[in-house]
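Engineer: What follows is coords17.cif, made up of mmCIF, C-alpha atoms:
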data_query
#
loop_
_atom_site.label_atom_id
_atom_site.label_comp_id
_atom_site.auth_asym_id
_atom_site.auth_seq_id
_atom_site.Cartn_x
_atom_site.Cartn_y
_atom_site.Cartn_z
CA MET A 94 -40.39 6.37 -13.58
CA SER A 95 -39.73 9.93 -14.69
CA ARG A 96 -37.33 12.26 -12.99
CA MET A 97 -40.42 14.03 -11.66
CA SER A 98 -40.62 11.24 -9.13
CA ARG A 99 -37.56 12.71 -7.40
CA LYS A 100 -38.55 13.12 -3.79
CA LYS A 101 -38.72 16.49 -2.09
CA SER A 102 -35.68 17.24 0.02
CA VAL A 103 -37.58 16.62 3.22
CA ASP A 104 -40.05 13.89 3.85
CA PRO A 105 -41.68 12.95 7.15
CA GLU A 106 -40.52 9.35 6.99
CA LEU A 107 -36.88 10.41 6.71
CA ALA A 108 -37.31 12.95 9.52
CA ALA A 109 -38.75 10.20 11.71
CA LYS A 110 -35.86 7.87 10.91
CA LEU A 111 -33.39 10.61 11.71
CA SER A 112 -35.04 11.52 15.00
CA ARG A 113 -34.98 7.83 15.90
CA ARG A 114 -31.26 7.74 15.09
CA ASN A 115 -30.83 10.89 17.13
CA MET A 116 -32.38 9.28 20.17
CA LEU A 117 -30.12 6.29 19.68
CA GLY A 118 -27.22 8.71 19.74
CA VAL A 119 -26.09 7.76 16.26
CA ALA A 120 -24.22 10.69 14.75
CA ALA A 121 -26.99 12.84 13.34
CA GLY A 122 -25.21 16.04 12.35
CA THR A 123 -26.49 19.50 11.55
CA GLY A 124 -28.04 18.28 8.32
CA ALA A 125 -30.24 15.93 10.29
CA ALA A 126 -31.07 18.62 12.83
CA ALA A 127 -32.17 20.97 10.07
CA ILE A 128 -34.38 18.30 8.54
CA LEU A 129 -35.86 17.43 11.92
CA GLY A 130 -36.56 21.08 12.61
CA LEU A 131 -38.71 21.10 9.53
CA SER A 132 -41.30 18.86 11.05
CA ALA A 133 -41.77 21.61 13.63
CA ALA A 134 -41.91 24.16 10.79
CA THR A 135 -39.84 26.75 12.65
CA PRO A 136 -38.55 29.74 10.64
CA ALA A 137 -34.99 28.41 10.85
CA ALA A 138 -36.20 25.08 9.55
CA ALA A 139 -38.11 26.71 6.75
CA SER A 140 -34.84 28.15 5.49
CA ALA A 141 -33.39 24.62 5.44
CA ASP A 142 -35.67 23.93 2.49
CA ARG A 143 -34.21 26.97 0.70
CA GLY A 144 -32.80 24.06 -1.27
CA ARG A 145 -34.79 23.89 -4.42
CA GLY A 146 -35.73 27.48 -5.09
CA LYS A 147 -33.09 30.16 -4.52
CA GLY A 148 -30.04 30.72 -6.68
CA GLU A 149 -28.29 28.40 -9.08
CA ARG A 150 -27.85 24.83 -7.97
CA VAL A 151 -24.24 23.95 -7.26
CA LEU A 152 -24.57 20.40 -8.52
CA THR A 153 -24.76 20.07 -12.30
CA PRO A 154 -28.04 18.34 -13.20
CA GLY A 155 -27.42 14.77 -14.39
CA HIS A 156 -24.04 14.45 -12.67
CA LEU A 157 -24.82 12.98 -9.25
CA GLY A 158 -23.62 9.43 -8.74
CA ILE A 159 -22.91 7.01 -5.95
CA GLN A 160 -20.09 4.53 -5.45
CA LEU A 161 -21.89 1.20 -4.97
CA TYR A 162 -19.23 0.05 -2.47
CA SER A 163 -21.18 2.19 0.03
CA LEU A 164 -24.22 -0.03 -0.59
CA ARG A 165 -22.40 -3.37 -0.77
CA ASP A 166 -24.46 -4.79 2.13
CA LYS A 167 -27.73 -4.06 0.31
CA VAL A 168 -26.43 -5.19 -3.10
CA ASN A 169 -25.48 -8.50 -1.48
CA SER A 170 -28.76 -8.99 0.39
CA LEU A 171 -31.36 -7.35 -1.88
CA GLY A 172 -29.62 -7.38 -5.28
CA PHE A 173 -28.94 -4.64 -7.82
CA ALA A 174 -32.57 -4.32 -8.98
CA LYS A 175 -33.92 -3.28 -5.58
CA VAL A 176 -30.94 -0.99 -4.88
CA PHE A 177 -31.23 0.71 -8.29
CA GLU A 178 -34.94 1.25 -7.69
CA GLU A 179 -34.14 3.12 -4.47
CA LEU A 180 -31.32 5.12 -6.09
CA GLU A 181 -33.65 6.24 -8.84
CA ARG A 182 -36.19 7.31 -6.21
CA PHE A 183 -33.51 9.33 -4.37
CA GLY A 184 -32.67 11.17 -7.60
CA TYR A 185 -29.29 9.69 -8.55
CA ASP A 186 -28.18 9.94 -12.17
CA GLU A 187 -25.05 7.77 -12.19
CA ILE A 188 -23.43 4.78 -10.52
CA GLU A 189 -19.87 3.65 -10.05
CA TYR A 190 -19.32 -0.08 -9.66
CA ALA A 191 -17.14 -1.82 -7.08
CA GLY A 192 -17.67 -5.33 -8.50
CA TYR A 193 -20.38 -6.90 -10.64
CA GLY A 194 -21.78 -9.63 -8.39
CA GLN A 195 -24.74 -9.46 -6.02
CA GLY A 196 -23.83 -12.07 -3.44
CA SER A 197 -26.73 -14.00 -1.95
CA ALA A 198 -29.16 -12.17 -4.27
CA GLY A 199 -28.08 -14.58 -7.02
CA ALA A 200 -26.27 -14.61 -10.36
CA ILE A 201 -26.56 -11.72 -12.81
CA THR A 202 -24.89 -11.32 -16.21
CA LEU A 203 -23.20 -8.15 -17.43
CA PRO A 204 -25.83 -7.56 -20.17
CA GLN A 205 -28.57 -7.96 -17.52
CA LEU A 206 -26.77 -5.51 -15.23
CA ARG A 207 -26.35 -3.00 -18.05
CA GLN A 208 -30.04 -3.19 -18.92
CA LEU A 209 -31.06 -2.91 -15.28
CA ALA A 210 -29.11 0.32 -14.83
CA ARG A 211 -30.66 1.71 -18.00
CA ASN A 212 -34.18 0.75 -16.82
CA HIS A 213 -33.65 2.89 -13.71
CA GLY A 214 -32.15 5.86 -15.55
CA LEU A 215 -28.72 5.25 -14.00
CA ARG A 216 -25.67 5.86 -16.16
CA PRO A 217 -22.72 3.60 -15.26
CA ILE A 218 -19.89 6.11 -15.07
CA GLY A 219 -16.98 4.02 -13.79
CA SER A 220 -15.74 1.00 -11.91
CA HIS A 221 -12.99 0.14 -9.44
CA VAL A 222 -10.80 -2.85 -10.32
CA ASN A 223 -7.63 -4.03 -8.58
CA TYR A 224 -4.34 -2.76 -10.07
CA ALA A 225 -2.11 -5.80 -9.58
CA ASP A 226 -1.87 -9.10 -7.76
CA ASP A 227 1.50 -10.44 -8.84
CA ASN A 228 1.12 -13.68 -6.86
CA ASN A 229 -1.94 -14.70 -8.82
CA PRO A 230 -1.80 -14.86 -12.65
CA ASN A 231 -5.60 -15.32 -12.77
CA ALA A 232 -6.32 -12.23 -10.67
CA TYR A 233 -9.08 -9.94 -11.88
CA SER A 234 -6.73 -6.97 -12.14
CA PHE A 235 -5.29 -4.60 -14.71
CA ALA A 236 -1.81 -6.08 -14.47
CA GLN A 237 -2.88 -9.72 -14.75
CA ASN A 238 -5.96 -9.59 -17.01
CA LEU A 239 -6.14 -6.23 -18.78
CA ASN A 240 -8.24 -7.40 -21.73
CA LYS A 241 -10.82 -9.15 -19.57
CA VAL A 242 -11.18 -6.08 -17.34
CA LEU A 243 -11.65 -3.84 -20.40
CA ASP A 244 -14.02 -6.32 -22.10
CA ASP A 245 -16.27 -6.28 -19.03
CA ALA A 246 -16.15 -2.49 -18.76
CA GLN A 247 -17.20 -2.23 -22.40
CA ALA A 248 -19.96 -4.78 -21.93
CA LEU A 249 -21.36 -2.56 -19.17
CA GLY A 250 -21.08 0.60 -21.28
CA LEU A 251 -18.71 2.36 -18.86
CA ASP A 252 -17.21 5.73 -19.76
CA HIS A 253 -14.35 5.30 -17.29
CA ILE A 254 -12.57 2.25 -15.92
CA GLY A 255 -10.18 2.65 -13.02
CA THR A 256 -8.53 1.45 -9.87
CA ALA A 257 -8.66 2.48 -6.23
CA SER A 258 -5.31 0.77 -5.66
CA GLY A 259 -2.39 3.08 -4.99
CA PRO A 260 0.65 2.90 -7.32
CA TRP A 261 2.61 0.82 -4.78
CA ARG A 262 3.34 -2.20 -6.98
CA TYR A 263 7.10 -1.46 -7.03
CA GLY A 264 7.42 0.19 -3.62
CA ALA A 265 7.43 3.75 -2.26
CA THR A 266 10.49 5.13 -4.08
CA VAL A 267 10.36 7.76 -6.81
CA ASP A 268 11.56 5.14 -9.25
CA GLY A 269 8.93 2.65 -8.10
CA TRP A 270 6.22 5.20 -8.81
CA LYS A 271 7.70 6.02 -12.22
CA ARG A 272 7.39 2.33 -13.09
CA ALA A 273 3.78 2.24 -11.83
CA ALA A 274 3.06 5.35 -13.92
CA GLU A 275 4.30 3.44 -16.99
CA ASP A 276 1.84 0.64 -16.17
CA PHE A 277 -0.95 3.20 -15.87
CA ASN A 278 -0.02 4.77 -19.22
CA THR A 279 -0.26 1.28 -20.78
CA TYR A 280 -3.73 0.67 -19.28
CA GLY A 281 -4.79 4.18 -20.29
CA ALA A 282 -3.74 3.64 -23.90
CA ALA A 283 -5.61 0.32 -24.03
CA ALA A 284 -8.76 1.88 -22.49
CA ARG A 285 -8.59 4.83 -24.85
CA LYS A 286 -8.50 2.52 -27.90
CA ARG A 287 -11.90 1.27 -26.72
CA GLY A 288 -13.31 4.74 -26.10
CA MET A 289 -12.92 4.72 -22.31
CA LYS A 290 -10.81 6.69 -19.83
CA PHE A 291 -8.56 4.94 -17.31
CA TYR A 292 -8.39 6.57 -13.86
CA GLN A 293 -6.83 6.20 -10.43
CA HIS A 294 -8.68 6.95 -7.18
CA ASN A 295 -6.61 8.20 -4.25
CA HIS A 296 -6.59 7.42 -0.58
CA ALA A 297 -4.54 9.56 1.83
CA GLU A 298 -1.20 7.78 1.42
CA GLU A 299 -0.67 8.83 -2.20
CA PHE A 300 0.12 12.28 -0.79
CA SER A 301 2.91 10.95 1.42
CA PHE A 302 6.60 11.36 0.57
CA ALA A 303 8.97 9.05 -1.30
CA SER A 304 10.99 6.71 0.93
CA ASP A 305 14.22 7.58 -0.91
CA GLN A 306 13.56 11.30 -1.51
CA PRO A 307 11.77 12.69 1.54
CA GLY A 308 11.14 16.04 -0.16
CA VAL A 309 9.18 14.51 -3.08
CA ARG A 310 5.43 13.98 -2.71
CA LEU A 311 4.52 10.69 -4.41
CA TYR A 312 1.26 12.05 -5.85
CA ASP A 313 3.31 14.66 -7.73
CA VAL A 314 5.40 11.86 -9.28
CA LEU A 315 2.20 10.14 -10.44
CA LEU A 316 0.92 13.37 -12.03
CA ALA A 317 4.23 14.17 -13.69
CA GLU A 318 4.93 10.68 -15.04
CA THR A 319 1.49 9.78 -16.42
CA ASP A 320 0.27 11.09 -19.76
CA PRO A 321 -2.71 13.41 -19.13
CA LYS A 322 -4.37 12.11 -22.28
CA LEU A 323 -4.19 8.51 -21.02
CA VAL A 324 -4.41 8.61 -17.23
CA TYR A 325 -7.15 10.46 -15.36
CA LEU A 326 -7.80 10.92 -11.67
CA GLU A 327 -10.75 10.51 -9.39
CA MET A 328 -10.12 12.69 -6.37
CA ASP A 329 -11.54 11.26 -3.19
CA ILE A 330 -12.02 14.62 -1.51
CA TYR A 331 -12.26 13.17 2.00
CA TRP A 332 -8.98 11.26 1.69
CA ALA A 333 -7.30 14.30 0.12
CA PHE A 334 -8.31 16.39 3.16
CA ALA A 335 -7.13 13.59 5.46
CA ALA A 336 -3.82 13.69 3.57
CA LYS A 337 -3.62 17.45 4.10
CA HIS A 338 -3.89 16.71 7.83
CA ARG A 339 -1.32 13.90 7.75
CA PHE A 340 1.23 14.93 5.12
CA SER A 341 1.72 18.68 5.36
CA LYS A 342 5.33 18.09 6.40
CA THR A 343 7.93 16.40 4.21
CA GLY A 344 9.51 13.09 5.16
CA ASP A 345 12.31 15.03 6.87
CA GLY A 346 9.99 17.39 8.71
CA LYS A 347 9.90 20.54 6.56
CA PRO A 348 6.56 22.32 6.14
CA ALA A 349 4.78 21.25 2.92
CA PRO A 350 1.19 22.48 3.12
CA PHE A 351 -1.10 21.76 0.16
CA ASP A 352 -4.69 22.31 -0.86
CA PRO A 353 -6.60 19.45 -2.53
CA LEU A 354 -8.72 21.88 -4.53
CA SER A 355 -5.69 23.58 -6.07
CA TYR A 356 -4.57 20.25 -7.58
CA VAL A 357 -7.89 20.07 -9.41
CA LEU A 358 -7.93 23.72 -10.47
CA LYS A 359 -4.43 23.38 -11.96
CA GLN A 360 -5.47 20.48 -14.22
CA PRO A 361 -9.27 20.27 -14.20
CA ASP A 362 -9.38 18.12 -17.34
CA ARG A 363 -7.55 15.33 -15.51
CA TYR A 364 -10.27 15.02 -12.85
CA PRO A 365 -13.50 13.79 -14.46
CA LEU A 366 -14.65 11.97 -11.31
CA PHE A 367 -14.83 12.81 -7.61
CA HIS A 368 -15.77 11.00 -4.44
CA VAL A 369 -17.92 13.10 -2.16
CA LYS A 370 -17.39 11.76 1.33
CA ASP A 371 -17.73 13.80 4.51
CA GLY A 372 -16.01 14.01 7.87
CA VAL A 373 -16.29 15.80 11.18
CA LYS A 374 -12.98 17.46 12.08
CA ASN A 375 -11.21 15.59 14.86
CA GLU A 376 -7.60 16.61 15.48
CA ALA A 377 -7.03 13.52 17.62
CA ALA A 378 -7.96 11.08 14.83
CA ARG A 379 -5.18 9.78 12.57
CA ASP A 380 -6.86 11.28 9.49
CA GLY A 381 -7.99 14.50 11.18
CA TYR A 382 -11.64 13.55 10.56
CA ASP A 383 -14.27 11.03 11.57
CA MET A 384 -16.19 9.85 8.51
CA VAL A 385 -19.91 10.73 8.48
CA ASP A 386 -22.81 10.90 6.03
CA VAL A 387 -22.47 13.56 3.33
CA GLY A 388 -23.83 16.84 4.70
CA ASP A 389 -23.23 15.97 8.35
CA GLY A 390 -19.54 16.91 8.31
CA ASP A 391 -17.16 19.84 8.00
CA ILE A 392 -15.92 19.49 4.41
CA ASP A 393 -17.24 22.44 2.42
CA TYR A 394 -18.70 20.75 -0.64
CA LYS A 395 -20.56 23.84 -1.75
CA LYS A 396 -17.27 25.69 -2.10
CA PHE A 397 -15.43 22.73 -3.64
CA ILE A 398 -18.00 21.82 -6.28
CA SER A 399 -18.63 25.48 -7.17
CA ALA A 400 -14.92 26.14 -7.68
CA VAL A 401 -14.52 23.10 -9.95
CA ASN A 402 -17.62 24.06 -11.91
CA LYS A 403 -16.12 27.49 -12.61
CA THR A 404 -13.26 25.91 -14.56
CA HIS A 405 -13.40 25.60 -18.34
CA ASN A 406 -16.25 23.20 -19.17
CA GLY A 407 -16.54 22.42 -15.47
CA ARG A 408 -20.26 21.93 -15.32
CA LYS A 409 -20.21 19.44 -18.17
CA ASP A 410 -17.07 17.49 -17.39
CA HIS A 411 -17.16 16.56 -13.71
CA HIS A 412 -19.09 13.82 -11.96
CA TRP A 413 -19.70 13.56 -8.21
CA GLN A 414 -20.06 10.16 -6.52
CA ALA A 415 -21.37 10.11 -2.95
CA GLU A 416 -19.57 7.63 -0.73
CA HIS A 417 -19.26 6.41 2.85
CA ASP A 418 -17.02 3.41 3.55
CA ASN A 419 -19.10 2.07 6.44
CA PRO A 420 -22.45 3.83 6.74
CA VAL A 421 -24.71 2.98 9.69
CA ASP A 422 -27.65 2.56 7.31
CA SER A 423 -26.49 2.52 3.70
CA LEU A 424 -29.81 3.38 2.01
CA LEU A 425 -30.46 6.19 4.46
CA PHE A 426 -26.93 7.46 3.77
CA ALA A 427 -27.68 7.41 0.02
CA GLU A 428 -30.93 9.30 0.52
CA LYS A 429 -29.46 11.95 2.84
CA SER A 430 -26.46 12.50 0.55
CA ALA A 431 -28.65 13.04 -2.50
CA ASP A 432 -30.89 15.44 -0.61
CA HIS A 433 -27.95 17.42 0.74
CA LEU A 434 -26.12 17.70 -2.59
CA HIS A 435 -29.29 18.57 -4.50
CA SER A 436 -30.04 21.33 -1.97
CA LEU A 437 -26.73 23.20 -2.35
CA ARG A 438 -27.35 26.57 -3.99
CA GLU A 439 -24.91 29.18 -5.18
CA LYS A 440 -26.55 32.48 -4.21
CA ARG A 441 -28.99 32.18 -1.36
CA GLY A 442 -31.86 34.62 -1.35
CA HIS A 443 -31.09 35.67 2.23
CA GLY A 444 -28.01 35.48 4.37
CA HIS A 445 -29.36 33.97 7.58
CA HIS A 446 -29.10 30.23 8.13
#
As structure tokens - that is how I would like this structure written.

Structural biologist:
Amino acid sequence: MSRMSRKKSVDPELAAKLSRRNMLGVAAGTGAAAILGLSAATPAAASADRGRGKGERVLTPGHLGIQLYSLRDKVNSLGFAKVFEELERFGYDEIEYAGYGQGSAGAITLPQLRQLARNHGLRPIGSHVNYADDNNPNAYSFAQNLNKVLDDAQALGLDHIGTASGPWRYGATVDGWKRAAEDFNTYGAAARKRGMKFYQHNHAEEFSFASDQPGVRLYDVLLAETDPKLVYLEMDIYWAFAAKHRFSKTGDGKPAPFDPLSYVLKQPDRYPLFHVKDGVKNEAARDGYDMVDVGDGDIDYKKFISAVNKTHNGRKDHHWQAEHDNPVDSLLFAEKSADHLHSLREKRGHGHH
């Protein structure tokens, strides 16, 4: 199927699904409301389809991916082939793996998986593998089986191979994180020899403070102690904003505000990959947000992606993976996220919304 088969940003079937979800009281945010409005063709709704025409698109063509963890239920029940078919239809360009099996859908080999992705025009951009399981020498992890992990990544044709494990292997001290950074440099050097980039994906806790030095943010230790030519980062934007909510005071209570975007703008070359995950602000929640489908929340992705794209080489070098840890309907989440991100435009023709 050619890219021309990409669906228009609003289709009646999706609007019907969303209105059904609305009636069920399942969080349908403003994105859904705008789409629903379209079926009534009101002027406000008409501007919701401003999407494809006005101004430069924020998202770089060819750089929209999805973390397959979000679709693990469908991968396990329907298999990769069916899921990839849908992702192609929704207009995704890239995929990030969270494991290479398809559960009850049956066995699949790495060469088969590689070919399948290619058949659906999906470029495998990365994969999450466990960092370390020191109680199990046979663990499928970087620490226990580095060569096997890298062999598999190469067999799949991945550009990046990484971990969503935090650098906690040796504890939460500055020294513990320096040791973990050495591990990461080792994995990065091994990946680089094979033409791949090693990366680490953050959750919120990486932005917390060292147990022995309450004024030192652990994430800063990771950045300082890893070699930027060997160790890259995938910023999970949602978790970084959750961290901003949780860790804007040092371990001993002094103010320590930070901005996730400024980390990226300081070293844009270190951040090839991003997780695009949305949340509705909720001061009462531990993380300051309740996770929702991309486009239904309060995280300003238009601003974030635009700012990153304005960095040197930005439009070429950064890849955006949609994600939701526990979507209500994972394929609907994938479809809505693609539609929302494809519709973001830099300069709208008119100011009203």

Engineer: Please write the residues picked by the PyMOL selection byres ((chain A and resi 374) around 8) on this file as a list of chain:residue names.

Structural biologist: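 So the PyMOL selection byres ((chain A and resi 374) around 8), applied here, picks out A:Gly372, A:Val373, A:Asn375, A:Glu376, A:Gly381, A:Tyr382, A:Asp383, A:Gly390, A:Asp391.
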
Engineer: Would you compute the distance between atom CA of Glu189 of chain A and atom CA of Gly219 of chain A? Give it in Å to one decimal.

Structural biologist: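 If I compute the distance from atom CA of Glu189 of chain A to atom CA of Gly219 of chain A, I get 4.7 Å.
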
Engineer: Could you state which residues are captured by the PyMOL selection byres ((chain A and resi 251) around 9) in this file, as a PDB file with C-alpha atoms, in the frame of the given file?

Structural biologist:
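To be explicit, this is the file written out as result.pdb:
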ATOM      1  CA  GLU A 189     -19.870   3.650 -10.050  1.00  0.00           C
ATOM      2  CA  ARG A 216     -25.670   5.860 -16.160  1.00  0.00           C
ATOM      3  CA  PRO A 217     -22.720   3.600 -15.260  1.00  0.00           C
ATOM      4  CA  ILE A 218     -19.890   6.110 -15.070  1.00  0.00           C
ATOM      5  CA  GLY A 219     -16.980   4.020 -13.790  1.00  0.00           C
ATOM      6  CA  SER A 220     -15.740   1.000 -11.910  1.00  0.00           C
ATOM      7  CA  ASP A 245     -16.270  -6.280 -19.030  1.00  0.00           C
ATOM      8  CA  ALA A 246     -16.150  -2.490 -18.760  1.00  0.00           C
ATOM      9  CA  GLN A 247     -17.200  -2.230 -22.400  1.00  0.00           C
ATOM     10  CA  ALA A 248     -19.960  -4.780 -21.930  1.00  0.00           C
ATOM     11  CA  LEU A 249     -21.360  -2.560 -19.170  1.00  0.00           C
ATOM     12  CA  GLY A 250     -21.080   0.600 -21.280  1.00  0.00           C
ATOM     13  CA  ASP A 252     -17.210   5.730 -19.760  1.00  0.00           C
ATOM     14  CA  HIS A 253     -14.350   5.300 -17.290  1.00  0.00           C
ATOM     15  CA  ILE A 254     -12.570   2.250 -15.920  1.00  0.00           C
ATOM     16  CA  MET A 289     -12.920   4.720 -22.310  1.00  0.00           C
TER      17      MET A 289
END

Engineer: Please write the residues picked by the PyMOL selection byres ((chain A and resi 339-345) around 7) on this file as a list in words.

Structural biologist: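 Selected by the PyMOL selection byres ((chain A and resi 339-345) around 7) in this file: Phe300, Ser301, Phe302, Pro307, Gly308, Ala335, Ala336, Lys337, His338, Gly346, Lys347, Pro348, Ala349, Pro350, Phe351 and Asp380 of chain A.
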
Engineer: Calculate how many Å separate atom CA of Leu425 of chain A from atom CA of Tyr185 of chain A, rounding to one decimal.

Structural biologist: 13.5 Å

Engineer: What box, with edges along x, y and z, holds each listed atom of segment 326-339 of chain A when 4 Å is added on every side, and can you state its centre and edge lengths in Å to one decimal, as AutoDock Vina command-line options?

Structural biologist:
--center_x -6.8 --center_y 14.0 --center_z -1.9 --size_x 18.9 --size_y 14.9 --size_z 27.5

Engineer: Would you work out the distance separating atom CA of Lys271 of chain A from atom CA of His411 of chain A, expressed in Å to one decimal?

Structural biologist: 27.0 Å

Engineer: Leaving out Leu366 of chain A and any residue of its chain fewer than 6 positions from it, which residues lie within 10 Å of it when counting all atoms listed in the file, given as a list in words?

Structural biologist: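 Neighbouring residues, sequence-local ones excluded: His156, Gly158, Glu189, Ile218, Gly219, His253, Tyr292, Gln293, His294, Tyr325, Leu326, Glu327, Met328, Asp329, Asp410, His411, His412, Trp413 and Gln414 of chain A.
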
Engineer: Between A:Ala198, A:Ala191, A:Leu157, A:Leu171, which one has atoms that come closest to Leu215 of chain A, using all atoms listed in the file?

Structural biologist: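 For Leu215 of chain A, the nearest of the given residues is A:Leu157.
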
Engineer: Residues proximal to (12.3, 9.4, -1.7) were defined as those with any atom within 9 Å of that point in the file's coordinates, counting only C-alpha atoms. Which are they, as a compact mmCIF listing (two decimals) with C-alpha atoms, in the frame of the given file?

Structural biologist:
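Output contents, as saved in out_26.txt:
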# COMPACT_ATOMS: atom_id res chain seq x y z
CA ALA A 265 7.43 3.75 -2.26
CA THR A 266 10.49 5.13 -4.08
CA VAL A 267 10.36 7.76 -6.81
CA ASP A 268 11.56 5.14 -9.25
CA PHE A 302 6.60 11.36 0.57
CA ALA A 303 8.97 9.05 -1.30
CA SER A 304 10.99 6.71 0.93
CA ASP A 305 14.22 7.58 -0.91
CA GLN A 306 13.56 11.30 -1.51
CA PRO A 307 11.77 12.69 1.54
CA GLY A 308 11.14 16.04 -0.16
CA VAL A 309 9.18 14.51 -3.08
CA ARG A 310 5.43 13.98 -2.71
CA LEU A 311 4.52 10.69 -4.41
CA GLY A 344 9.51 13.09 5.16

Engineer: For Ser423 of chain A, which residue among A:Gly194, A:Val168, A:Val369, A:Tyr394 is the nearest when counting only C-alpha atoms?

Structural biologist: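 The closest residue to Ser423 of chain A is A:Val168.
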
Engineer: Around (-18.1, 23.8, 0.3) in the file's frame, which residues reach within 12 Å when counting all atoms listed in the file? Return as a short mmCIF file (atom, residue, chain, number, x, y, z; two decimals) with C-alpha atoms, in the coordinates of the input?

Structural biologist:
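For reference, out_23.cif as written:
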data_model
loop_
_atom_site.label_atom_id
_atom_site.label_comp_id
_atom_site.auth_asym_id
_atom_site.auth_seq_id
_atom_site.Cartn_x
_atom_site.Cartn_y
_atom_site.Cartn_z
CA VAL A 151 -24.24 23.95 -7.26
CA LEU A 152 -24.57 20.40 -8.52
CA ILE A 330 -12.02 14.62 -1.51
CA LEU A 354 -8.72 21.88 -4.53
CA VAL A 369 -17.92 13.10 -2.16
CA ASP A 371 -17.73 13.80 4.51
CA VAL A 387 -22.47 13.56 3.33
CA GLY A 388 -23.83 16.84 4.70
CA GLY A 390 -19.54 16.91 8.31
CA ASP A 391 -17.16 19.84 8.00
CA ILE A 392 -15.92 19.49 4.41
CA ASP A 393 -17.24 22.44 2.42
CA TYR A 394 -18.70 20.75 -0.64
CA LYS A 395 -20.56 23.84 -1.75
CA LYS A 396 -17.27 25.69 -2.10
CA PHE A 397 -15.43 22.73 -3.64
CA ILE A 398 -18.00 21.82 -6.28
CA SER A 399 -18.63 25.48 -7.17
CA ALA A 400 -14.92 26.14 -7.68
CA VAL A 401 -14.52 23.10 -9.95
CA HIS A 433 -27.95 17.42 0.74
CA LEU A 434 -26.12 17.70 -2.59
CA LEU A 437 -26.73 23.20 -2.35
CA ARG A 438 -27.35 26.57 -3.99
CA GLU A 439 -24.91 29.18 -5.18
#

Engineer: For Thr153 of chain A, which residue out of A:Asn406, A:Arg182, A:Ser234, A:Val242 is the nearest one, using only C-alpha atoms?

Structural biologist: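 Ranking A:Asn406, A:Arg182, A:Ser234, A:Val242 by distance to Thr153 of chain A, first place goes to A:Asn406.
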
Engineer: When distances are computed from all atoms listed in the file, which of A:Arg150, A:His213, A:Arg207, A:Lys241 shows the smallest separation from Glu178 of chain A?

Structural biologist: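 So, comparing all the options, the nearest one is A:His213.
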
Engineer: Kindly indicate which residue among A:Arg211, A:Lys175, A:Arg262, A:Arg363 lies nearest to Asn223 of chain A, using only C-alpha atoms for the distances.

Structural biologist: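 Comparing A:Arg211, A:Lys175, A:Arg262, A:Arg363 against Asn223 of chain A, the winner is A:Arg262.
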
Engineer: Using all atoms listed in the file, which of the listed residues (A:Leu161, A:Ala282, A:Leu206, A:Val421) sits closest to Ala174 of chain A?

Structural biologist: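 Result for the nearest residue to Ala174 of chain A: A:Leu206.
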